[in-house]
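Here's my_file-v5.txt, which has compact mmCIF, C-alpha atoms:
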```
# COMPACT_ATOMS: atom_id res chain seq x y z
CA MET V 850 80.02 226.95 117.23
CA ASP V 851 76.61 227.03 118.98
CA VAL V 852 75.73 225.08 122.13
CA GLY V 853 73.81 222.36 120.27
CA LEU V 854 76.67 221.61 117.89
CA ARG V 855 79.16 221.55 120.78
CA SER V 856 77.01 219.05 122.67
CA LYS V 857 76.58 216.76 119.66
CA LEU V 858 80.28 216.84 118.84
CA ALA V 859 81.20 216.11 122.46
CA ILE V 860 78.85 213.12 122.54
CA ARG V 861 80.23 211.71 119.27
CA LEU V 862 83.83 212.09 120.43
CA GLY V 863 83.07 210.73 123.87
CA ILE V 864 84.56 213.76 125.65
CA ASP V 865 83.35 216.34 128.13
CA ARG V 866 81.53 219.27 126.50
CA SER V 867 83.61 221.67 128.58
CA ASP V 868 86.70 220.46 126.69
CA ILE V 869 85.25 221.88 123.50
CA TYR V 870 84.49 225.19 125.23
CA ARG V 871 88.09 225.31 126.48
CA SER V 872 89.35 224.57 122.96
CA SER V 873 87.22 227.39 121.55
CA ARG V 874 88.46 229.83 124.17
CA LEU V 875 92.05 228.75 123.53
CA GLU V 876 91.67 229.42 119.81
CA ALA V 877 90.31 232.90 120.54
CA ARG V 878 93.20 233.66 122.92
CA ASP V 879 95.69 232.34 120.35
CA GLU V 880 94.26 234.64 117.67
CA GLU V 881 94.48 237.63 120.01
CA LEU V 882 98.05 236.76 120.94
CA ALA V 883 98.98 236.29 117.27
CA GLU V 884 97.89 239.87 116.60
CA GLN V 885 100.08 241.11 119.48
CA ILE V 886 103.04 239.11 118.19
CA ALA V 887 102.55 240.44 114.66
CA ALA V 888 102.66 243.97 116.06
CA ILE V 889 105.95 243.21 117.86
CA LEU V 890 107.44 241.79 114.66
CA VAL V 891 106.70 244.98 112.73
CA ASP V 892 109.41 246.76 114.73
CA HIS V 893 111.52 243.66 115.42
CA PRO V 894 111.22 241.38 112.36
CA ARG V 895 114.15 239.16 113.41
CA TYR V 896 112.78 238.34 116.85
CA GLY V 897 112.42 234.65 117.61
CA HIS V 898 109.87 233.24 120.05
CA ARG V 899 112.05 233.80 123.13
CA ARG V 900 112.52 237.54 122.48
CA VAL V 901 108.86 237.89 121.57
CA ALA V 902 107.96 236.21 124.87
CA MET V 903 110.19 238.65 126.77
CA ALA V 904 108.66 241.63 124.98
CA LEU V 905 105.12 240.50 125.83
CA GLY V 906 105.89 239.10 129.28
CA ILE V 907 104.57 235.61 128.48
CA GLY V 908 106.04 232.11 128.51
CA HIS V 909 108.31 231.28 125.58
CA ASN V 910 106.58 227.94 124.97
CA ARG V 911 103.25 229.69 124.46
CA ALA V 912 104.83 232.29 122.20
CA GLY V 913 106.58 229.60 120.15
CA ARG V 914 103.40 227.53 119.78
CA VAL V 915 101.31 230.46 118.54
CA MET V 916 104.07 231.66 116.20
CA ARG V 917 104.27 228.20 114.63
CA ILE V 918 100.50 227.92 114.23
CA PHE V 919 100.16 231.32 112.54
CA GLY V 920 103.44 231.22 110.63
CA LEU V 921 104.93 234.21 112.43
CA GLY V 922 108.59 234.98 112.96
CA PRO V 923 111.80 235.28 110.98
CA LYS V 924 112.36 233.00 108.04
CA ARG V 925 114.90 230.32 108.77
CA ARG V 926 118.22 230.58 107.00
CA VAL V 927 118.59 228.09 104.17
CA PRO V 928 121.55 225.77 104.86
CA SER V 929 124.66 226.61 102.86
CA PHE V 930 124.80 223.10 101.42
CA LYS V 931 122.28 221.94 98.85
CA ALA V 932 120.91 218.42 98.87
CA PRO V 933 118.66 216.88 96.23
CA ALA V 934 115.12 218.20 96.63
CA THR V 935 113.52 214.83 96.05
CA GLY V 936 114.27 211.17 96.52
CA ILE V 937 115.35 208.93 99.35
CA ARG V 938 118.55 209.63 101.26
CA PRO V 939 120.87 207.34 103.22
CA ALA V 940 119.67 206.53 106.74
CA PRO V 941 121.29 208.46 109.60
CA PRO V 942 122.97 206.50 112.42
CA ASN V 943 121.03 205.21 115.42
CA LEU V 944 121.91 207.97 117.88
CA ILE V 945 119.97 206.29 120.68
CA LEU V 946 122.42 203.39 120.58
CA GLU V 947 125.57 205.33 119.68
CA LEU V 948 125.06 208.08 122.27
CA GLY V 949 123.15 206.05 124.85
CA LEU V 950 120.31 208.55 124.68
CA VAL V 951 117.64 208.48 127.36
CA ALA V 952 114.85 211.05 127.29
CA ARG V 953 115.45 213.38 130.24
CA CYS V 954 112.73 216.02 129.80
CA PRO V 955 109.76 216.81 127.54
CA GLY V 956 110.88 217.62 124.01
CA HIS V 957 114.31 216.03 124.41
CA LEU V 958 113.66 212.88 122.37
CA TRP V 959 110.71 212.11 120.09
CA ALA V 960 110.04 209.01 118.01
CA CYS V 961 107.69 208.56 115.06
CA ASP V 962 106.20 205.63 113.19
CA PHE V 963 103.33 204.47 110.98
CA THR V 964 100.74 201.85 111.78
CA TYR V 965 98.01 200.43 109.54
CA LEU V 966 94.25 200.07 109.97
CA TRP V 967 92.17 197.75 107.77
CA TRP V 968 88.64 199.03 107.22
CA ASN V 969 86.07 198.73 104.47
CA GLY V 970 88.35 196.79 102.16
CA ARG V 971 91.34 199.10 102.25
CA TRP V 972 94.34 200.09 104.39
CA TYR V 973 94.47 203.38 106.27
CA TYR V 974 97.81 204.73 107.49
CA LEU V 975 98.17 206.43 110.86
CA ALA V 976 101.39 208.35 111.56
CA THR V 977 102.10 209.37 115.15
CA VAL V 978 104.86 211.14 117.08
CA ILE V 979 105.54 210.16 120.71
CA ASP V 980 107.51 212.08 123.33
CA LEU V 981 109.68 209.42 124.92
CA PHE V 982 109.86 211.26 128.27
CA THR V 983 106.15 211.82 128.84
CA ARG V 984 105.00 208.95 126.56
CA GLU V 985 102.43 211.40 125.21
CA ILE V 986 101.36 211.30 121.57
CA ALA V 987 102.51 214.77 120.53
CA GLY V 988 100.77 214.71 117.15
CA TRP V 989 99.45 212.72 114.21
CA SER V 990 102.41 213.80 112.12
CA LEU V 991 105.60 215.79 112.63
CA TYR V 992 103.87 218.95 111.36
CA ASP V 993 100.99 218.41 113.78
CA ALA V 994 103.36 217.83 116.71
CA LEU V 995 105.38 220.94 115.83
CA SER V 996 102.19 223.03 115.82
CA ARG V 997 101.69 222.09 119.48
CA TYR V 998 105.19 221.91 120.94
CA ASP V 999 108.70 223.25 120.48
CA SER V 1000 110.83 221.14 118.14
CA PRO V 1001 112.67 218.29 119.89
CA GLN V 1002 116.40 217.95 120.20
CA TYR V 1003 116.34 214.44 118.70
CA LEU V 1004 113.89 212.59 116.45
CA HIS V 1005 114.09 208.81 116.00
CA PHE V 1006 112.38 206.74 113.29
CA ASP V 1007 112.76 203.58 111.25
CA ARG V 1008 114.02 203.36 107.66
CA GLY V 1009 110.68 203.91 105.97
CA SER V 1010 110.87 205.90 102.74
CA GLU V 1011 108.66 208.62 104.23
CA TYR V 1012 111.19 209.31 106.99
CA LEU V 1013 114.24 209.12 104.72
CA SER V 1014 112.68 211.42 102.13
CA ALA V 1015 114.38 214.71 101.31
CA ALA V 1016 111.29 216.67 102.44
CA HIS V 1017 111.29 215.07 105.90
CA LEU V 1018 115.04 215.30 106.47
CA ASP V 1019 115.22 218.87 105.17
CA LEU V 1020 112.47 219.89 107.58
CA CYS V 1021 114.38 218.37 110.49
CA ALA V 1022 117.60 220.08 109.39
CA SER V 1023 115.87 223.46 109.14
CA LEU V 1024 114.69 223.08 112.74
CA ASP V 1025 118.08 221.86 114.02
CA ILE V 1026 116.61 218.49 114.96
CA ALA V 1027 119.22 215.72 115.17
CA VAL V 1028 117.80 212.69 113.39
CA SER V 1029 118.30 209.05 114.31
CA ALA V 1030 117.20 205.86 112.55
CA SER V 1031 116.85 202.23 113.54
CA HIS V 1032 118.98 199.67 111.78
CA LYS V 1033 117.40 197.74 108.91
CA ALA V 1034 114.86 195.12 109.99
CA SER V 1035 115.25 196.08 113.67
CA PRO V 1036 111.79 197.26 114.83
CA TRP V 1037 112.79 196.79 118.48
CA GLU V 1038 115.11 199.77 118.10
CA ASN V 1039 111.94 201.89 117.92
CA GLY V 1040 110.37 199.87 120.70
CA HIS V 1041 108.35 202.63 122.38
CA GLN V 1042 106.49 203.37 119.16
CA GLU V 1043 106.01 199.67 118.41
CA ARG V 1044 104.50 199.10 121.87
CA TRP V 1045 102.28 202.14 121.50
CA ASN V 1046 101.00 200.87 118.15
CA GLY V 1047 99.97 197.63 119.85
CA THR V 1048 98.34 199.43 122.77
CA PHE V 1049 96.48 201.77 120.43
CA LYS V 1050 95.02 198.95 118.33
CA GLN V 1051 93.96 197.06 121.44
CA GLU V 1052 92.17 200.15 122.82
CA LEU V 1053 90.71 201.00 119.39
CA GLY V 1054 88.93 197.65 119.22
CA SER V 1055 86.99 196.25 116.29
CA LEU V 1056 86.14 198.59 113.43
CA LYS V 1057 83.26 196.48 112.13
CA ASP V 1058 80.65 198.89 113.50
CA ILE V 1059 82.21 201.88 111.70
CA THR V 1060 80.01 203.02 108.81
CA ASP V 1061 81.98 205.92 107.29
CA GLU V 1062 85.40 207.57 107.32
CA GLY V 1063 84.16 210.33 109.61
CA GLN V 1064 83.35 207.78 112.31
CA LEU V 1065 86.71 206.11 111.76
CA LEU V 1066 88.50 209.43 112.28
CA GLU V 1067 86.46 210.14 115.41
CA ARG V 1068 87.24 206.69 116.84
CA VAL V 1069 90.97 207.17 116.23
CA ALA V 1070 90.90 210.68 117.76
CA ALA V 1071 88.95 209.53 120.81
CA THR V 1072 91.32 206.60 121.38
CA ILE V 1073 94.41 208.81 121.22
CA CYS V 1074 92.74 211.36 123.50
CA TYR V 1075 91.90 208.61 126.01
CA TYR V 1076 95.49 207.32 125.93
CA ASN V 1077 96.98 210.79 126.45
CA GLN V 1078 94.51 212.16 128.97
CA ASP V 1079 93.06 209.31 131.04
CA ARG V 1080 94.71 205.92 130.55
CA ILE V 1081 97.22 205.15 133.33
CA HIS V 1082 100.66 204.32 131.95
CA THR V 1083 102.21 201.61 134.12
CA LYS V 1084 105.68 203.18 134.09
CA LEU V 1085 104.42 206.70 134.78
CA LYS V 1086 101.73 205.64 137.31
CA THR V 1087 99.43 208.22 135.70
CA SER V 1088 98.37 209.33 132.23
CA PRO V 1089 101.00 210.90 129.93
CA HIS V 1090 99.23 214.27 129.94
CA LYS V 1091 98.99 214.43 133.74
CA PHE V 1092 102.61 213.33 134.03
CA ARG V 1093 103.74 216.18 131.76
CA LEU V 1094 101.69 218.74 133.68
CA ALA V 1095 103.10 217.52 137.00
CA TYR V 1096 106.64 217.69 135.63
CA GLU V 1097 106.12 221.24 134.32
CA GLN V 1098 104.64 222.39 137.64
CA THR V 1099 107.54 220.88 139.58
CA THR V 1100 110.08 222.43 137.22
CA GLN V 1101 108.44 225.84 137.45
CA SER V 1102 108.30 225.60 141.26
CA THR V 1103 111.98 224.66 141.43
CA LYS V 1104 112.91 227.55 139.14
CA SER V 1105 110.90 229.99 141.28
CA ASP V 1106 112.65 228.76 144.45
CA SER V 1107 116.05 229.16 142.78
CA ASP V 1108 115.19 232.71 141.67
CA LYS V 1109 114.19 233.60 145.24
CA VAL V 1110 117.48 232.27 146.58
CA LEU V 1111 119.42 234.31 144.03
CA GLN V 1112 117.47 237.44 144.93
CA ILE V 1113 118.09 236.94 148.65
CA SER V 1114 121.80 236.33 148.10
CA GLY V 1115 122.02 239.40 145.90
CA THR V 1116 123.51 237.55 142.94
```

Using structure tokens, write down the structure from this file.
Amino acid sequence: MDVGLRSKLAIRLGIDRSDIYRSSRLEARDEELAEQIAAILVDHPRYGHRRVAMALGIGHNRAGRVMRIFGLGPKRRVPSFKAPATGIRPAPPNLILELGLVARCPGHLWACDFTYLWWNGRWYYLATVIDLFTREIAGWSLYDALSRYDSPQYLHFDRGSEYLSAAHLDLCASLDIAVSASHKASPWENGHQERWNGTFKQELGSLKDITDEGQLLERVAATICYYNQDRIHTKLKTSPHKFRLAYEQTTQSTKSDSDKVLQISGT
């Protein structure tokens, strides 16, 4: 992408041009790393992202993210049981209520939901996934979120047919994600997503000035980016993205201190 196109795109999205440069550099580094991972997998085809990370001396989160994006790694074992390939399945229990779940770290507990946008005489559906610890929108769909982050331990949703479909539940089962569903007609049981939907629409504003679907997509993307990166969350006292970065830095610092103590003690 040349400089002129980067500048125009940055202006239309309402973001800093340097963000696009960083994105471009990240893609190039990801492609280079994907080649290195592919080389490792030639000799070690059953390596998962943690062993690949050890072999290359990089963080396992980065290795896992790139392996998901480029489809690298061992094929997951098909479960021994066979469920119908299509159709709607019974809703799982509400694990948040039954287990008293509270998100305790990034990736522990995600929630997903749909919201609706009325524009140009028709409804548009927006699906989002939120990390309930960082309150960050992890992706526009489960696939999108999984391309950016490791799969969560738990995923909560309502009883919409999309979430109870065989395709969605089979995907979760293949990734060892424990699924949880709100009770019928109980939207408050997915309260974080419901509140985010309201916040998003308030920040999105009127769509009357939108003239085409491209502008609509850009407005949605810019609003989500603003929420994640810049908008102060009252509970977090900072933006979700900055909160996650601070948590990761603190966790890494604590781990480094613990490693030093173990080295000094000789254990």

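In this model, the gap between atom CA of V:Ala1030 and atom CA of V:Leu1013 comes to 9.0 Å.
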
What separates atom CA of V:Trp989 and atom CA of V:Leu975 is a distance of 7.2 Å

Extract, using all atoms listed in the file, all DNA, RNA and protein residues at most 8 Å from stretch 1083-1090 of chain V, discarding same-chain residues fewer than 6 positions from it, and format them as an MDAnalysis selection string.
chainID V and resid 983:985 1076:1077

Counting only C-alpha atoms, select every polymer residue within 10 Å of (114.4, 203.4, 116.7) as defined in the file's coordinates, and provide the selection as a ChimeraX atom specification.
/V:943-946,960-962,1004-1008,1029-1032,1035-1043

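Atom CA of V:Gly1047 is found 27.1 Å from atom CA of V:Ile1026.
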
Need to verify the contact set: V:Cys954, 9 Å, only C-alpha atoms, exclusion of same-chain residues closer than 4 positions in sequence. Can you return it as a VMD selection string?
chain V and resid 958 981 to 983 1096

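Considering the residues V:Asn910, V:Pro942, V:Phe919, V:Ala1016 and counting only C-alpha atoms, V:Glu876 has its shortest atom-to-atom contact with V:Phe919.
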
Skipping near chain neighbours, those fewer than 2 positions away, what residues fall within 12 Å of V:Leu882 using all atoms listed in the file, listed as a compact mmCIF listing (two decimals) with C-alpha atoms, keeping the file's coordinate frame?
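Written out: out_37.txt:
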```txt
# COMPACT_ATOMS: atom_id res chain seq x y z
CA LEU V 875 92.05 228.75 123.53
CA GLU V 876 91.67 229.42 119.81
CA ALA V 877 90.31 232.90 120.54
CA ARG V 878 93.20 233.66 122.92
CA ASP V 879 95.69 232.34 120.35
CA GLU V 880 94.26 234.64 117.67
CA GLU V 884 97.89 239.87 116.60
CA GLN V 885 100.08 241.11 119.48
CA ILE V 886 103.04 239.11 118.19
CA ALA V 887 102.55 240.44 114.66
CA ALA V 888 102.66 243.97 116.06
CA ILE V 889 105.95 243.21 117.86
CA VAL V 901 108.86 237.89 121.57
CA ALA V 902 107.96 236.21 124.87
CA LEU V 905 105.12 240.50 125.83
CA GLY V 906 105.89 239.10 129.28
CA ILE V 907 104.57 235.61 128.48
CA GLY V 908 106.04 232.11 128.51
CA ARG V 911 103.25 229.69 124.46
CA ALA V 912 104.83 232.29 122.20
CA GLY V 913 106.58 229.60 120.15
CA ARG V 914 103.40 227.53 119.78
CA VAL V 915 101.31 230.46 118.54
CA MET V 916 104.07 231.66 116.20
CA ILE V 918 100.50 227.92 114.23
CA PHE V 919 100.16 231.32 112.54
CA LEU V 921 104.93 234.21 112.43
```

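Non-sequential neighbours of V:Arg997 (distance at most 8 Å, separation of 2 or more positions within a chain, all atoms listed in the file) are Arg914, Ile918, Ala987, Gly988, Asp993, Ala994, Leu995 and Asp999 of chain V.
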
Using only C-alpha atoms, please write the residues we just selected to a file, as a PDB file, in the coordinates of the input.
```
ATOM      1  CA  ARG V 914     103.400 227.530 119.780  1.00  0.00           C
ATOM      2  CA  ILE V 918     100.500 227.920 114.230  1.00  0.00           C
ATOM      3  CA  ALA V 987     102.510 214.770 120.530  1.00  0.00           C
ATOM      4  CA  GLY V 988     100.770 214.710 117.150  1.00  0.00           C
ATOM      5  CA  ASP V 993     100.990 218.410 113.780  1.00  0.00           C
ATOM      6  CA  ALA V 994     103.360 217.830 116.710  1.00  0.00           C
ATOM      7  CA  LEU V 995     105.380 220.940 115.830  1.00  0.00           C
ATOM      8  CA  ASP V 999     108.700 223.250 120.480  1.00  0.00           C
TER       9      ASP V 999
END
```

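For the choices V:Ala904, V:Ile979, V:Ile1073, V:Ala940, the atom-to-atom distance to V:Gly956 is smallest for V:Ile979 when using all atoms listed in the file.
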
Near V:Ala1027, counting only C-alpha atoms, which residues have an atom at most 8 Å away, once you skip same-chain residues fewer than 4 positions from it, shown as a count of residues only?
5

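Nearest-residue note for V:Tyr974: choosing from V:Ser1014, V:Pro939, V:Leu1066, V:Asp1061, the minimum distance belongs to V:Leu1066, counting only C-alpha atoms.
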
Expected axis-aligned box over every listed atom of stretch 978-988 of chain V, 8 Å added per side, centre plus edges in Å to one decimal, as lines of an AutoDock Vina configuration file:
```
center_x = 105.3
center_y = 211.9
center_z = 123.0
size_x = 25.1
size_y = 21.8
size_z = 27.8
```
